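Quick notes on the structure that follows.
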Amino acid sequence: MPNSHSTEIGADASEANPGPDVPSPGQLALECQAGSQDAFALLVAQFHERVYNFLLAMTGRPQDAEDLTQETFLKAWQAISRFDPRFSFSTWIFTIAKRTSFNHFRSYRPSVELSAAPEPTDGSDPSSVLSQDEDREELWRLARTLEPKHYQVLWLRYGEGFSVEELAKIAGVYPIYARVLLHRARGQLAKLLEPKTGRGSRANITQ
Amino acid sequence: MMPCFLYRRKLSAHVDANLDLAPTLQRHLGRCAGCRRFYEQDLSIARSLARSADKERVAPSPFLQPRIMAAIERSGRTASAHRLVRRLAWAIGAAAVLMLAVWATYDARLPRQGLTKPELAAAIQELAALETKLPNDQTLRTWSGTLDKPLDTEMVSILHDARSAAQALVNNLLPDSLQ
């Protein structure tokens, strides 16, 4: 019976130490507050790809994600004096990104053809359908078909490694509700997987 | 005994928080095949999502980063220009208010019977000059010897003229509220 899975899932690496020679995001933010645009350029270099991917998850459109990423960093630069260095910079920048994307393309979701999921063929065991790396990507393709709020929490938790408390702050919800959203999102994902793998075998298909 | 859906909420919370299972939950899983299956599913989905997230990432355009910095540079220049315009606007506004206040104060003191500002300034200067020419006691005694009328009569006339002058000044120079 599994009773431990630490280090496996979203290891809370949302603000990992970039290295001994590279200042931490908090230190860079302090330099930005003193007016250093060079320090902000380093922050952009560290975070723009992550923010872009988050906004891509939100909007589903690369061009919109790029525009919103630019807007997010512009807002961050203009509001850098209000950043509290006691808190995580990554949570702060993702919160700005979330607010920037709010109401933008809210109704737009890329449709994902479920039929594109690999079907069990040649009589192989359905429990192995998603067992290989390339098949695990299928999970995310299915995740994109979920409600935006569910996909958002899945991405923040497993894509970005934010803790439940951090992702709640970014999503603007209470942590208890963030847990409910995660619970429901995984449950819906399990239901989406069910027809492909057969009832009762879901436990194995993603391992 | 706690119903299974509550156990599942707890199990799900453990998956969220990367926690080891509490002994009570382990005991329940030992007894309940449904919850055990649920937990294994939940855990395996969470693990797979975490493992495969990197493949879900997409590299943005290589121009995105310079584009962001260019936008920040532009916003800095625009902000500087806006600050300058704001300062100029404040300066112009402050100067206008100051001039208005001076004008309003000065205008309230202007004579209302035909005197213009330059004329008033000239009159004030004349009055100031007259003050230096006022006779002292010795001069007055000398003058009194040459007067056609007694000194007291002359003084009454002088006082009468001074009162008229003061009245004219009050009427023309002081604001109505002070009169």
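Each chain in the structure tokens gets a letter, A, B, ..., in the order shown, and its residues are numbered from 1; ligands are numbered from 1 in order too.
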task = Excluding region 36-53 of chain A and residues on its chain fewer than 2 positions from it, collect all residues at most 8 Å away from it, counting only C-alpha atoms, and give them as a ChimeraX atom specification.
result = /A:25,28-29,31-34,55-57,65-66,68-69,73,77,90,93-94,97,160 /B:57-60,65,68-69
task = Please report as a PyMOL selection string which residues of chain B come no farther than 10 Å from chain A, using only C-alpha atoms.
result = chain B and resi 8-9+11-23+25-26+29-30+34+36-61+63-73+75-76+79
Please produce an output containing C-alpha atoms for each residue in the selection, written as a PDB file, in the first residue's frame.
ATOM      1  CA  ARG B   8     -11.342  10.201   0.116  1.00  0.00           C
ATOM      2  CA  ARG B   9     -11.235  13.942   0.772  1.00  0.00           C
ATOM      3  CA  LEU B  11      -6.643  11.006   1.015  1.00  0.00           C
ATOM      4  CA  SER B  12      -6.842  13.589  -1.741  1.00  0.00           C
ATOM      5  CA  ALA B  13      -5.530  16.258   0.618  1.00  0.00           C
ATOM      6  CA  HIS B  14      -2.581  13.998   1.403  1.00  0.00           C
ATOM      7  CA  VAL B  15      -1.882  13.659  -2.305  1.00  0.00           C
ATOM      8  CA  ASP B  16      -2.017  17.465  -2.658  1.00  0.00           C
ATOM      9  CA  ALA B  17       0.376  18.059   0.172  1.00  0.00           C
ATOM     10  CA  ASN B  18       2.840  15.243  -0.531  1.00  0.00           C
ATOM     11  CA  LEU B  19       2.202  13.840   2.920  1.00  0.00           C
ATOM     12  CA  ASP B  20       2.651  10.328   4.225  1.00  0.00           C
ATOM     13  CA  LEU B  21      -0.588   8.663   5.129  1.00  0.00           C
ATOM     14  CA  ALA B  22      -1.745   8.930   8.701  1.00  0.00           C
ATOM     15  CA  PRO B  23      -2.202   5.586  10.517  1.00  0.00           C
ATOM     16  CA  LEU B  25      -6.026   6.401   6.787  1.00  0.00           C
ATOM     17  CA  GLN B  26      -3.704   3.452   6.327  1.00  0.00           C
ATOM     18  CA  LEU B  29      -7.227   1.577   3.137  1.00  0.00           C
ATOM     19  CA  GLY B  30      -6.425  -1.846   4.533  1.00  0.00           C
ATOM     20  CA  GLY B  34     -12.805   1.133  -3.045  1.00  0.00           C
ATOM     21  CA  ARG B  36      -7.625   2.011  -1.821  1.00  0.00           C
ATOM     22  CA  ARG B  37      -8.370   2.008  -5.540  1.00  0.00           C
ATOM     23  CA  PHE B  38      -9.356   5.689  -5.373  1.00  0.00           C
ATOM     24  CA  TYR B  39      -6.140   6.610  -3.566  1.00  0.00           C
ATOM     25  CA  GLU B  40      -3.954   4.690  -5.975  1.00  0.00           C
ATOM     26  CA  GLN B  41      -5.690   6.327  -8.930  1.00  0.00           C
ATOM     27  CA  ASP B  42      -5.411   9.775  -7.450  1.00  0.00           C
ATOM     28  CA  LEU B  43      -1.784   9.297  -6.584  1.00  0.00           C
ATOM     29  CA  SER B  44      -0.857   7.877  -9.955  1.00  0.00           C
ATOM     30  CA  ILE B  45      -2.582  10.684 -11.832  1.00  0.00           C
ATOM     31  CA  ALA B  46      -0.817  13.269  -9.679  1.00  0.00           C
ATOM     32  CA  ARG B  47       2.550  11.586 -10.258  1.00  0.00           C
ATOM     33  CA  SER B  48       2.024  11.352 -13.984  1.00  0.00           C
ATOM     34  CA  LEU B  49       0.968  14.977 -14.250  1.00  0.00           C
ATOM     35  CA  ALA B  50       4.082  16.057 -12.368  1.00  0.00           C
ATOM     36  CA  ARG B  51       6.394  13.843 -14.419  1.00  0.00           C
ATOM     37  CA  SER B  52       5.001  14.815 -17.786  1.00  0.00           C
ATOM     38  CA  ALA B  53       4.557  18.544 -17.171  1.00  0.00           C
ATOM     39  CA  ASP B  54       7.922  19.393 -18.699  1.00  0.00           C
ATOM     40  CA  LYS B  55       6.811  17.942 -21.989  1.00  0.00           C
ATOM     41  CA  GLU B  56       3.740  20.145 -21.839  1.00  0.00           C
ATOM     42  CA  ARG B  57       5.917  23.260 -21.752  1.00  0.00           C
ATOM     43  CA  VAL B  58       6.350  25.254 -24.897  1.00  0.00           C
ATOM     44  CA  ALA B  59       9.281  27.550 -25.579  1.00  0.00           C
ATOM     45  CA  PRO B  60       8.094  31.066 -26.337  1.00  0.00           C
ATOM     46  CA  SER B  61       9.405  33.041 -29.259  1.00  0.00           C
ATOM     47  CA  PHE B  63      12.031  37.569 -29.306  1.00  0.00           C
ATOM     48  CA  LEU B  64       9.682  37.594 -26.336  1.00  0.00           C
ATOM     49  CA  GLN B  65      12.320  38.532 -23.777  1.00  0.00           C
ATOM     50  CA  PRO B  66      13.776  41.461 -25.775  1.00  0.00           C
ATOM     51  CA  ARG B  67      10.240  42.517 -26.578  1.00  0.00           C
ATOM     52  CA  ILE B  68       9.387  42.680 -22.879  1.00  0.00           C
ATOM     53  CA  MET B  69      12.505  44.708 -22.090  1.00  0.00           C
ATOM     54  CA  ALA B  70      11.806  47.064 -24.992  1.00  0.00           C
ATOM     55  CA  ALA B  71       8.300  47.631 -23.657  1.00  0.00           C
ATOM     56  CA  ILE B  72       9.731  48.390 -20.218  1.00  0.00           C
ATOM     57  CA  GLU B  73      12.252  50.790 -21.752  1.00  0.00           C
ATOM     58  CA  SER B  75       7.280  52.721 -20.577  1.00  0.00           C
ATOM     59  CA  GLY B  76      10.192  54.317 -18.682  1.00  0.00           C
ATOM     60  CA  ALA B  79       6.681  57.772 -17.715  1.00  0.00           C
TER      61      ALA B  79
END
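In this structure, CA of Pro23 (chain A) sits 24.7 Å away from CA of Lys169 (chain A).
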ask   = Please, what distance in Å, to one decimal, runs between CA of His104 (chain A) and CA of Arg77 (chain B)?
value =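 Straight-line distance from CA of His104 (chain A) to CA of Arg77 (chain B) works out to 27.5 Å.
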